$ cat query-v5.pdb   # PDB, C-alpha atoms, pLDDT in the B column
ATOM      1  CA  MET A 423     104.950 107.664 176.683  1.00 45.00           C
ATOM      2  CA  HIS A 424     102.669 104.778 177.617  1.00 41.00           C
ATOM      3  CA  LYS A 425     104.046 103.312 180.844  1.00 44.00           C
ATOM      4  CA  SER A 426     102.440 101.222 183.532  1.00 40.00           C
ATOM      5  CA  TYR A 427     102.082 103.153 186.768  1.00 40.00           C
ATOM      6  CA  THR A 428     100.686 102.085 190.124  1.00 38.00           C
ATOM      7  CA  ILE A 429      99.760 105.433 191.594  1.00 41.00           C
ATOM      8  CA  ILE A 430      99.107 106.185 195.215  1.00 40.00           C
ATOM      9  CA  LEU A 431      97.412 109.565 195.212  1.00 48.00           C
ATOM     10  CA  ILE A 432      99.096 112.056 197.503  1.00 50.00           C
ATOM     11  CA  ILE A 433      95.924 113.807 198.490  1.00 48.00           C
ATOM     12  CA  ALA A 434      93.328 111.189 197.655  1.00 44.00           C
ATOM     13  CA  PHE A 435      91.870 111.774 201.077  1.00 41.00           C
ATOM     14  CA  LEU A 436      90.478 115.068 199.784  1.00 42.00           C
ATOM     15  CA  ILE A 437      87.891 113.221 197.708  1.00 40.00           C
ATOM     16  CA  SER A 438      85.898 112.144 200.765  1.00 39.00           C
ATOM     17  CA  CYS A 439      83.808 114.849 202.320  1.00 36.00           C
ATOM     18  CA  SER A 440      83.984 115.128 206.101  1.00 37.00           C
ATOM     19  CA  SER A 441      80.514 115.891 207.481  1.00 37.00           C
ATOM     20  CA  GLU A 442      81.755 116.243 211.057  1.00 39.00           C
ATOM     21  CA  ASN A 443      83.240 119.672 210.599  1.00 39.00           C
ATOM     22  CA  THR A 444      80.777 122.132 212.143  1.00 35.00           C
ATOM     23  CA  LYS A 445      82.962 124.792 213.685  1.00 39.00           C
ATOM     24  CA  GLN A 446      83.061 128.177 212.061  1.00 38.00           C
ATOM     25  CA  ILE A 447      86.448 129.711 211.236  1.00 40.00           C
ATOM     26  CA  GLU A 448      86.977 133.382 210.614  1.00 45.00           C
ATOM     27  CA  ALA A 449      89.149 133.423 207.489  1.00 36.00           C
ATOM     28  CA  ASN A 450      90.845 136.270 205.740  1.00 45.00           C
ATOM     29  CA  SER A 451      89.156 136.068 202.357  1.00 52.00           C
ATOM     30  CA  LEU A 452      91.436 138.753 200.935  1.00 53.00           C
ATOM     31  CA  ILE A 453      94.462 136.443 200.970  1.00 73.00           C
ATOM     32  CA  GLU A 454      95.079 134.991 197.507  1.00 78.00           C
ATOM     33  CA  PRO A 455      97.795 132.826 195.969  1.00 83.00           C
ATOM     34  CA  LYS A 456     100.694 134.551 194.245  1.00 88.00           C
ATOM     35  CA  TYR A 457      99.534 133.618 190.788  1.00 93.00           C
ATOM     36  CA  GLU A 458     102.379 132.863 188.384  1.00 93.00           C
ATOM     37  CA  PHE A 459     100.492 132.111 185.167  1.00 94.00           C
ATOM     38  CA  SER A 460      97.115 131.896 183.478  1.00 94.00           C
ATOM     39  CA  ALA A 461      95.905 128.592 182.049  1.00 94.00           C
ATOM     40  CA  GLU A 462      93.450 127.243 179.515  1.00 92.00           C
ATOM     41  CA  PHE A 463      92.341 123.619 178.997  1.00 94.00           C
ATOM     42  CA  PHE A 464      90.658 122.505 175.770  1.00 92.00           C
ATOM     43  CA  GLU A 465      89.042 119.103 175.199  1.00 93.00           C
ATOM     44  CA  CYS A 466      89.975 117.612 171.837  1.00 95.00           C
ATOM     45  CA  LYS A 467      89.598 114.526 169.671  1.00 94.00           C
ATOM     46  CA  PHE A 468      91.879 113.323 166.892  1.00 95.00           C
ATOM     47  CA  ASN A 469      90.420 113.314 163.409  1.00 96.00           C
ATOM     48  CA  GLU A 470      90.581 110.071 161.491  1.00 93.00           C
ATOM     49  CA  GLY A 471      94.095 109.191 160.349  1.00 93.00           C
ATOM     50  CA  TYR A 472      95.930 111.447 162.810  1.00 93.00           C
ATOM     51  CA  THR A 473      97.853 110.511 165.959  1.00 89.00           C
ATOM     52  CA  LEU A 474      99.981 111.881 168.769  1.00 86.00           C
ATOM     53  CA  LEU A 475     103.005 112.060 166.473  1.00 88.00           C
ATOM     54  CA  ASN A 476     101.196 114.464 164.154  1.00 91.00           C
ATOM     55  CA  LEU A 477     100.111 116.612 167.089  1.00 90.00           C
ATOM     56  CA  GLU A 478     103.538 116.787 168.718  1.00 86.00           C
ATOM     57  CA  SER A 479     105.262 117.656 165.457  1.00 87.00           C
ATOM     58  CA  PHE A 480     102.694 120.326 164.651  1.00 88.00           C
ATOM     59  CA  LEU A 481     102.858 122.085 168.022  1.00 84.00           C
ATOM     60  CA  SER A 482     106.625 121.941 168.281  1.00 80.00           C
ATOM     61  CA  THR A 483     107.373 123.342 164.855  1.00 79.00           C
ATOM     62  CA  LEU A 484     104.609 125.919 164.489  1.00 70.00           C
ATOM     63  CA  LEU A 485     103.886 127.434 167.882  1.00 61.00           C
ATOM     64  CA  ARG A 486     107.247 127.272 169.579  1.00 60.00           C
ATOM     65  CA  SER A 487     109.208 128.728 166.698  1.00 62.00           C
ATOM     66  CA  GLU A 488     106.931 131.758 166.470  1.00 61.00           C
ATOM     67  CA  LEU A 489     106.278 132.499 170.124  1.00 56.00           C
ATOM     68  CA  GLN A 490     109.896 132.077 171.198  1.00 56.00           C
ATOM     69  CA  GLN A 491     110.882 134.776 168.730  1.00 58.00           C
ATOM     70  CA  ASN A 492     108.591 137.149 170.653  1.00 62.00           C
ATOM     71  CA  ASP A 493     110.093 136.207 174.056  1.00 66.00           C
ATOM     72  CA  ILE A 494     106.764 134.933 175.352  1.00 70.00           C
ATOM     73  CA  LYS A 495     107.136 132.419 178.153  1.00 80.00           C
ATOM     74  CA  TYR A 496     104.577 129.629 178.139  1.00 81.00           C
ATOM     75  CA  ASP A 497     104.017 125.851 178.425  1.00 84.00           C
ATOM     76  CA  ILE A 498     102.066 123.492 176.190  1.00 87.00           C
ATOM     77  CA  ASN A 499     100.993 120.229 177.833  1.00 92.00           C
ATOM     78  CA  VAL A 500      98.892 117.431 176.377  1.00 93.00           C
ATOM     79  CA  TYR A 501      96.870 115.028 178.563  1.00 94.00           C
ATOM     80  CA  PHE A 502      95.617 111.565 177.545  1.00 92.00           C
ATOM     81  CA  PRO A 503      93.101 109.908 179.912  1.00 91.00           C
ATOM     82  CA  LYS A 504      94.241 106.652 181.531  1.00 85.00           C
ATOM     83  CA  PRO A 505      93.988 103.731 181.122  1.00 76.00           C
ATOM     84  CA  ASN A 506      92.886 103.872 177.476  1.00 72.00           C
ATOM     85  CA  TYR A 507      92.640 107.270 175.874  1.00 69.00           C
ATOM     86  CA  VAL A 508      91.410 106.032 172.457  1.00 73.00           C
ATOM     87  CA  ASN A 509      91.542 109.304 170.474  1.00 86.00           C
ATOM     88  CA  GLN A 510      90.609 111.910 173.072  1.00 91.00           C
ATOM     89  CA  PHE A 511      92.989 114.336 174.751  1.00 94.00           C
ATOM     90  CA  ILE A 512      93.230 117.690 176.499  1.00 94.00           C
ATOM     91  CA  ILE A 513      95.569 120.435 175.387  1.00 92.00           C
ATOM     92  CA  ASN A 514      96.728 122.912 178.029  1.00 93.00           C
ATOM     93  CA  PHE A 515      98.355 126.318 177.554  1.00 90.00           C
ATOM     94  CA  ASN A 516     100.049 127.991 180.538  1.00 92.00           C
ATOM     95  CA  ASN A 517     100.930 131.627 179.899  1.00 91.00           C
ATOM     96  CA  TYR A 518     103.664 133.142 182.117  1.00 90.00           C
ATOM     97  CA  SER A 519     103.659 136.535 180.399  1.00 86.00           C
ATOM     98  CA  ASP A 520     101.454 139.595 180.873  1.00 84.00           C
ATOM     99  CA  GLN A 521     100.310 139.381 177.263  1.00 83.00           C
ATOM    100  CA  ASN A 522      97.005 137.789 176.298  1.00 83.00           C
ATOM    101  CA  ILE A 523      98.287 135.159 173.873  1.00 80.00           C
ATOM    102  CA  TYR A 524      95.320 132.800 173.624  1.00 82.00           C
ATOM    103  CA  ASN A 525      93.543 134.430 170.696  1.00 83.00           C
ATOM    104  CA  TYR A 526      96.880 134.557 168.907  1.00 80.00           C
ATOM    105  CA  ILE A 527      97.517 130.880 169.641  1.00 80.00           C
ATOM    106  CA  LEU A 528      94.073 129.825 168.422  1.00 84.00           C
ATOM    107  CA  ASP A 529      94.526 131.841 165.246  1.00 84.00           C
ATOM    108  CA  ARG A 530      97.913 130.228 164.570  1.00 81.00           C
ATOM    109  CA  LEU A 531      96.478 126.773 165.261  1.00 84.00           C
ATOM    110  CA  SER A 532      93.721 127.289 162.725  1.00 85.00           C
ATOM    111  CA  ARG A 533      95.873 128.921 160.042  1.00 84.00           C
ATOM    112  CA  GLY A 534      98.584 126.294 160.500  1.00 83.00           C
ATOM    113  CA  GLY A 535      96.235 123.405 159.799  1.00 88.00           C
ATOM    114  CA  PHE A 536      95.443 122.159 163.292  1.00 91.00           C
ATOM    115  CA  ASP A 537      91.806 121.646 162.309  1.00 92.00           C
ATOM    116  CA  GLU A 538      92.932 118.798 160.038  1.00 94.00           C
ATOM    117  CA  ILE A 539      94.565 116.990 162.974  1.00 95.00           C
ATOM    118  CA  ALA A 540      91.948 117.370 165.682  1.00 95.00           C
ATOM    119  CA  SER A 541      88.623 118.919 166.655  1.00 94.00           C
ATOM    120  CA  CYS A 542      88.452 120.840 169.944  1.00 93.00           C
ATOM    121  CA  LYS A 543      85.981 122.674 172.146  1.00 90.00           C
ATOM    122  CA  PHE A 544      87.608 126.086 172.428  1.00 85.00           C
ATOM    123  CA  ASP A 545      85.339 127.326 175.205  1.00 80.00           C
ATOM    124  CA  ARG A 546      87.479 129.609 177.338  1.00 78.00           C
ATOM    125  CA  GLU A 547      87.636 129.198 181.092  1.00 82.00           C
ATOM    126  CA  GLU A 548      90.551 131.313 182.177  1.00 84.00           C
ATOM    127  CA  LEU A 549      92.256 129.895 185.230  1.00 94.00           C
ATOM    128  CA  PHE A 550      95.015 131.448 187.293  1.00 95.00           C
ATOM    129  CA  GLY A 551      97.692 129.162 188.623  1.00 95.00           C
ATOM    130  CA  GLN A 552     100.467 128.817 191.143  1.00 93.00           C
ATOM    131  CA  LYS A 553     103.104 126.106 191.461  1.00 91.00           C
ATOM    132  CA  LEU A 554     102.784 125.148 195.107  1.00 87.00           C
ATOM    133  CA  LEU A 555     105.664 122.706 195.041  1.00 81.00           C
ATOM    134  CA  VAL A 556     108.355 121.838 192.534  1.00 81.00           C
ATOM    135  CA  ASN A 557     110.438 118.983 193.910  1.00 75.00           C
ATOM    136  CA  LYS A 558     113.244 118.287 191.465  1.00 65.00           C
ATOM    137  CA  SER A 559     115.420 115.428 192.592  1.00 59.00           C
ATOM    138  CA  GLU A 560     116.424 114.985 188.959  1.00 57.00           C
ATOM    139  CA  SER A 561     115.688 116.602 185.621  1.00 59.00           C
ATOM    140  CA  PHE A 562     111.982 116.418 184.904  1.00 63.00           C
ATOM    141  CA  SER A 563     111.049 114.226 181.975  1.00 71.00           C
ATOM    142  CA  PRO A 564     108.698 115.666 179.343  1.00 81.00           C
ATOM    143  CA  ASP A 565     106.625 112.483 179.860  1.00 85.00           C
ATOM    144  CA  TYR A 566     104.841 112.207 183.179  1.00 88.00           C
ATOM    145  CA  VAL A 567     101.631 111.176 184.928  1.00 89.00           C
ATOM    146  CA  SER A 568      99.194 113.871 186.005  1.00 91.00           C
ATOM    147  CA  GLU A 569      96.316 113.679 188.468  1.00 91.00           C
ATOM    148  CA  ILE A 570      93.744 116.473 188.181  1.00 94.00           C
ATOM    149  CA  LEU A 571      91.326 116.980 191.079  1.00 94.00           C
ATOM    150  CA  ARG A 572      88.306 119.301 191.091  1.00 94.00           C
ATOM    151  CA  CYS A 573      87.763 120.570 194.619  1.00 95.00           C
ATOM    152  CA  GLU A 574      85.558 122.860 196.676  1.00 95.00           C
ATOM    153  CA  TYR A 575      86.172 124.708 199.917  1.00 95.00           C
ATOM    154  CA  ASN A 576      84.051 123.749 202.896  1.00 94.00           C
ATOM    155  CA  GLU A 577      81.714 126.390 204.260  1.00 91.00           C
ATOM    156  CA  GLY A 578      83.639 129.151 206.009  1.00 88.00           C
ATOM    157  CA  TYR A 579      86.977 128.207 204.444  1.00 90.00           C
ATOM    158  CA  ASN A 580      89.046 129.613 201.586  1.00 91.00           C
ATOM    159  CA  TYR A 581      92.624 129.929 200.414  1.00 91.00           C
ATOM    160  CA  GLY A 582      93.404 132.125 203.390  1.00 89.00           C
ATOM    161  CA  THR A 583      92.740 129.207 205.751  1.00 89.00           C
ATOM    162  CA  PHE A 584      93.984 126.497 203.382  1.00 91.00           C
ATOM    163  CA  ARG A 585      97.455 127.957 202.870  1.00 89.00           C
ATOM    164  CA  VAL A 586      98.687 126.724 206.274  1.00 86.00           C
ATOM    165  CA  ALA A 587      97.977 123.099 205.354  1.00 87.00           C
ATOM    166  CA  ILE A 588      99.515 123.644 201.911  1.00 89.00           C
ATOM    167  CA  GLU A 589     102.709 125.073 203.385  1.00 88.00           C
ATOM    168  CA  ARG A 590     103.068 122.165 205.799  1.00 85.00           C
ATOM    169  CA  PHE A 591     102.401 119.650 203.030  1.00 85.00           C
ATOM    170  CA  SER A 592     104.984 121.318 200.761  1.00 85.00           C
ATOM    171  CA  LEU A 593     107.631 121.376 203.492  1.00 83.00           C
ATOM    172  CA  GLU A 594     107.235 117.690 204.238  1.00 80.00           C
ATOM    173  CA  ILE A 595     107.144 116.543 200.603  1.00 80.00           C
ATOM    174  CA  LYS A 596     110.262 118.561 199.768  1.00 79.00           C
ATOM    175  CA  SER A 597     112.169 116.604 202.405  1.00 77.00           C
ATOM    176  CA  LEU A 598     111.410 113.333 200.572  1.00 74.00           C
ATOM    177  CA  ASN A 599     113.551 114.278 197.565  1.00 72.00           C
ATOM    178  CA  ILE A 600     111.261 112.764 194.925  1.00 77.00           C
ATOM    179  CA  SER A 601     110.366 114.128 191.506  1.00 81.00           C
ATOM    180  CA  TYR A 602     106.940 115.631 192.032  1.00 85.00           C
ATOM    181  CA  GLU A 603     105.083 118.873 191.352  1.00 88.00           C
ATOM    182  CA  ALA A 604     101.852 120.290 192.811  1.00 91.00           C
ATOM    183  CA  MET A 605      99.822 123.073 191.206  1.00 93.00           C
ATOM    184  CA  TYR A 606      96.810 125.125 192.339  1.00 95.00           C
ATOM    185  CA  LEU A 607      94.416 126.571 189.735  1.00 96.00           C
ATOM    186  CA  HIS A 608      91.530 128.917 190.389  1.00 94.00           C
ATOM    187  CA  ASN A 609      88.742 130.479 188.348  1.00 92.00           C
ATOM    188  CA  LYS A 610      88.031 133.883 189.894  1.00 86.00           C
ATOM    189  CA  ASP A 611      84.378 133.644 188.851  1.00 89.00           C
ATOM    190  CA  TYR A 612      83.963 130.657 191.196  1.00 90.00           C
ATOM    191  CA  PRO A 613      85.665 131.618 194.469  1.00 87.00           C
ATOM    192  CA  ASN A 614      84.681 128.430 196.313  1.00 92.00           C
ATOM    193  CA  SER A 615      86.200 126.050 193.764  1.00 94.00           C
ATOM    194  CA  PHE A 616      89.745 125.178 192.742  1.00 95.00           C
ATOM    195  CA  ILE A 617      91.741 122.589 190.827  1.00 95.00           C
ATOM    196  CA  TRP A 618      94.654 120.715 192.372  1.00 94.00           C
ATOM    197  CA  ILE A 619      97.130 118.981 190.047  1.00 94.00           C
ATOM    198  CA  ASN A 620      99.677 116.340 191.029  1.00 90.00           C
ATOM    199  CA  ASN A 621     102.438 115.807 188.456  1.00 90.00           C
ATOM    200  CA  ILE A 622     104.468 112.618 188.943  1.00 85.00           C
ATOM    201  CA  TYR A 623     107.783 112.208 187.164  1.00 83.00           C
ATOM    202  CA  ASN A 624     109.290 108.824 188.074  1.00 75.00           C
ATOM    203  CA  ASP A 625     108.311 105.140 187.961  1.00 70.00           C
ATOM    204  CA  ASN A 626     109.145 104.506 191.621  1.00 66.00           C
ATOM    205  CA  PHE A 627     106.841 107.201 192.921  1.00 67.00           C
ATOM    206  CA  SER A 628     104.308 104.796 194.440  1.00 64.00           C
ATOM    207  CA  SER A 629     106.772 102.924 196.604  1.00 63.00           C
ATOM    208  CA  GLU A 630     108.596 106.099 197.639  1.00 63.00           C
ATOM    209  CA  ILE A 631     105.486 108.011 198.658  1.00 66.00           C
ATOM    210  CA  SER A 632     103.915 105.048 200.466  1.00 61.00           C
ATOM    211  CA  SER A 633     107.027 104.220 202.480  1.00 62.00           C
ATOM    212  CA  ASN A 634     108.052 107.798 203.261  1.00 61.00           C
ATOM    213  CA  TRP A 635     104.789 109.746 203.499  1.00 64.00           C
ATOM    214  CA  ILE A 636     101.421 107.979 203.543  1.00 62.00           C
ATOM    215  CA  ASN A 637     101.879 106.111 206.825  1.00 66.00           C
ATOM    216  CA  ASN A 638     103.690 108.679 208.950  1.00 71.00           C
ATOM    217  CA  PRO A 639     101.999 110.805 211.661  1.00 74.00           C
ATOM    218  CA  THR A 640     102.700 114.087 209.863  1.00 74.00           C
ATOM    219  CA  ALA A 641     100.738 112.881 206.835  1.00 76.00           C
ATOM    220  CA  GLU A 642      97.756 112.132 209.060  1.00 79.00           C
ATOM    221  CA  ASN A 643      97.835 115.634 210.555  1.00 83.00           C
ATOM    222  CA  VAL A 644      98.053 117.258 207.128  1.00 82.00           C
ATOM    223  CA  LYS A 645      95.193 115.039 205.958  1.00 82.00           C
ATOM    224  CA  LYS A 646      92.992 116.349 208.773  1.00 86.00           C
ATOM    225  CA  GLU A 647      93.884 119.945 207.914  1.00 88.00           C
ATOM    226  CA  PHE A 648      93.013 119.355 204.257  1.00 88.00           C
ATOM    227  CA  GLN A 649      89.667 117.783 205.179  1.00 89.00           C
ATOM    228  CA  GLU A 650      88.802 120.723 207.402  1.00 92.00           C
ATOM    229  CA  ASN A 651      89.362 123.132 204.528  1.00 93.00           C
ATOM    230  CA  ALA A 652      88.162 121.357 201.407  1.00 93.00           C
ATOM    231  CA  LYS A 653      86.703 118.319 199.716  1.00 92.00           C
ATOM    232  CA  CYS A 654      87.383 117.092 196.200  1.00 90.00           C
ATOM    233  CA  ILE A 655      84.574 116.082 193.872  1.00 90.00           C
ATOM    234  CA  ASP A 656      86.497 113.870 191.472  1.00 89.00           C
ATOM    235  CA  SER A 657      89.965 112.841 190.364  1.00 89.00           C
ATOM    236  CA  LYS A 658      91.189 111.894 186.878  1.00 91.00           C
ATOM    237  CA  ILE A 659      94.530 110.401 185.873  1.00 90.00           C
ATOM    238  CA  TYR A 660      96.340 111.204 182.619  1.00 93.00           C
ATOM    239  CA  ASP A 661      99.420 110.201 180.702  1.00 91.00           C
ATOM    240  CA  ALA A 662     100.829 113.629 179.930  1.00 92.00           C
ATOM    241  CA  PHE A 663     103.729 115.223 178.119  1.00 88.00           C
ATOM    242  CA  LEU A 664     105.238 118.659 177.781  1.00 88.00           C
ATOM    243  CA  ILE A 665     105.804 119.894 174.244  1.00 81.00           C
ATOM    244  CA  THR A 666     109.492 120.792 173.902  1.00 68.00           C
TER     245      THR A 666
END
$ encode --input "query-v5.pdb" --output "structure tokens"
Amino acid sequence: MHKSYTIILIIAFLISCSSENTKQIEANSLIEPKYEFSAEFFECKFNEGYTLLNLESFLSTLLRSELQQNDIKYDINVYFPKPNYVNQFIINFNNYSDQNIYNYILDRLSRGGFDEIASCKFDREELFGQKLLVNKSESFSPDYVSEILRCEYNEGYNYGTFRVAIERFSLEIKSLNISYEAMYLHNKDYPNSFIWINNIYNDNFSSEISSNWINNPTAENVKKEFQENAKCIDSKIYDAFLIT
């Protein structure tokens, strides 16, 4: 899973706040994303003597076997901070069903012996998510690189105004035919904040995105639209994998 990546961030320009934007825009605040799943992220640390192999084996054999029997659709992803994760990681559950499965999952984790493998902060912050773009030029690998950005809307802006820039961005990136996925996550208790996730699935991503996207005029226009709508507070990079 540990590969060397040189990542050019697709929307790194969001991190810088533009102070020049003073015009007021009347936005339709009732427009929301078509949420496809709910998500939870838990910060964890391996206990002494346990590693990624123990975690992957545990999650694959215990959770998947039981939940699949109940026809519950979900994802389990694990994130390790780059460049050196030491023994810390984040476990992410994405629930595509209408059932509230998180209490069940936490109960099964505990009863199955997860507490021996790792210690986690199970403070719930329910997020609702949408896959803005799934660009599959080839089968996605379970190992990938993920960039997670915490962002805030500028004053007077919201998803209703932002969606135009998102749609243009998605249309252009799809034409590049590279293995990439973008996700939008939102906590309804904090309407002015959101999380943007870039998932990168191939080693040549940097050269492909720099030669085909970063320097073209369309990218500059989309960049300006993004800056008008939002700014991002920070960005973190992870080696990630999907439990299969």
$ atom_distance --input "query-v5.pdb" --atom1 "atom CA of Ser541 of chain A" --atom2 "atom CA of Gln510 of chain A"
9.7 Å
$ resolve_selection --input "query-v5.pdb" --expression "the PyMOL selection byres ((chain A and resi 647-658) around 6)" --output "list of chain:residue names"
A:Leu436, A:Ile437, A:Cys439, A:Glu569, A:Ile570, A:Leu571, A:Arg572, A:Cys573, A:Glu574, A:Tyr575, A:Asn576, A:Tyr579, A:Phe584, A:Ala587, A:Val644, A:Lys645, A:Lys646, A:Ile659
$ resolve_selection --input "query-v5.pdb" --expression "the PyMOL selection byres ((chain A and resi 491-506) around 8)" --output "number ranges by chain"
A: 487-490, 507-508, 510-519, 568, 658-665
$ write_last_selection --input "query-v5.pdb" --atoms "C-alpha atoms" --output "PDB file, in the coordinates of the input"
ATOM      1  CA  SER A 487     109.208 128.728 166.698  1.00 62.00           C
ATOM      2  CA  GLU A 488     106.931 131.758 166.470  1.00 61.00           C
ATOM      3  CA  LEU A 489     106.278 132.499 170.124  1.00 56.00           C
ATOM      4  CA  GLN A 490     109.896 132.077 171.198  1.00 56.00           C
ATOM      5  CA  TYR A 507      92.640 107.270 175.874  1.00 69.00           C
ATOM      6  CA  VAL A 508      91.410 106.032 172.457  1.00 73.00           C
ATOM      7  CA  GLN A 510      90.609 111.910 173.072  1.00 91.00           C
ATOM      8  CA  PHE A 511      92.989 114.336 174.751  1.00 94.00           C
ATOM      9  CA  ILE A 512      93.230 117.690 176.499  1.00 94.00           C
ATOM     10  CA  ILE A 513      95.569 120.435 175.387  1.00 92.00           C
ATOM     11  CA  ASN A 514      96.728 122.912 178.029  1.00 93.00           C
ATOM     12  CA  PHE A 515      98.355 126.318 177.554  1.00 90.00           C
ATOM     13  CA  ASN A 516     100.049 127.991 180.538  1.00 92.00           C
ATOM     14  CA  ASN A 517     100.930 131.627 179.899  1.00 91.00           C
ATOM     15  CA  TYR A 518     103.664 133.142 182.117  1.00 90.00           C
ATOM     16  CA  SER A 519     103.659 136.535 180.399  1.00 86.00           C
ATOM     17  CA  SER A 568      99.194 113.871 186.005  1.00 91.00           C
ATOM     18  CA  LYS A 658      91.189 111.894 186.878  1.00 91.00           C
ATOM     19  CA  ILE A 659      94.530 110.401 185.873  1.00 90.00           C
ATOM     20  CA  TYR A 660      96.340 111.204 182.619  1.00 93.00           C
ATOM     21  CA  ASP A 661      99.420 110.201 180.702  1.00 91.00           C
ATOM     22  CA  ALA A 662     100.829 113.629 179.930  1.00 92.00           C
ATOM     23  CA  PHE A 663     103.729 115.223 178.119  1.00 88.00           C
ATOM     24  CA  LEU A 664     105.238 118.659 177.781  1.00 88.00           C
ATOM     25  CA  ILE A 665     105.804 119.894 174.244  1.00 81.00           C
TER      26      ILE A 665
END
$ resolve_selection --input "query-v5.pdb" --expression "the PyMOL selection byres ((chain A and resi 473) around 12)" --output "PyMOL selection string"
chain A and resi 467-472+474-480+502+507-511+538-540
$ atom_distance --input "query-v5.pdb" --atom1 "atom CA of Ser592 of chain A" --atom2 "atom CA of Leu554 of chain A"
7.2 Å
$ atom_distance --input "query-v5.pdb" --atom1 "atom CA of Ile595 of chain A" --atom2 "atom CA of Asn620 of chain A"
12.1 Å
$ closest_residue --input "query-v5.pdb" --among "A:Leu528, A:Ile588, A:Ile523, A:Val567" --to "Phe464 of chain A" --atoms "all atoms listed in the file"
A:Leu528
$ closest_residue --input "query-v5.pdb" --among "A:Tyr581, A:Tyr566, A:Gly534, A:Ala604" --to "Ile453 of chain A" --atoms "all atoms listed in the file"
A:Tyr581
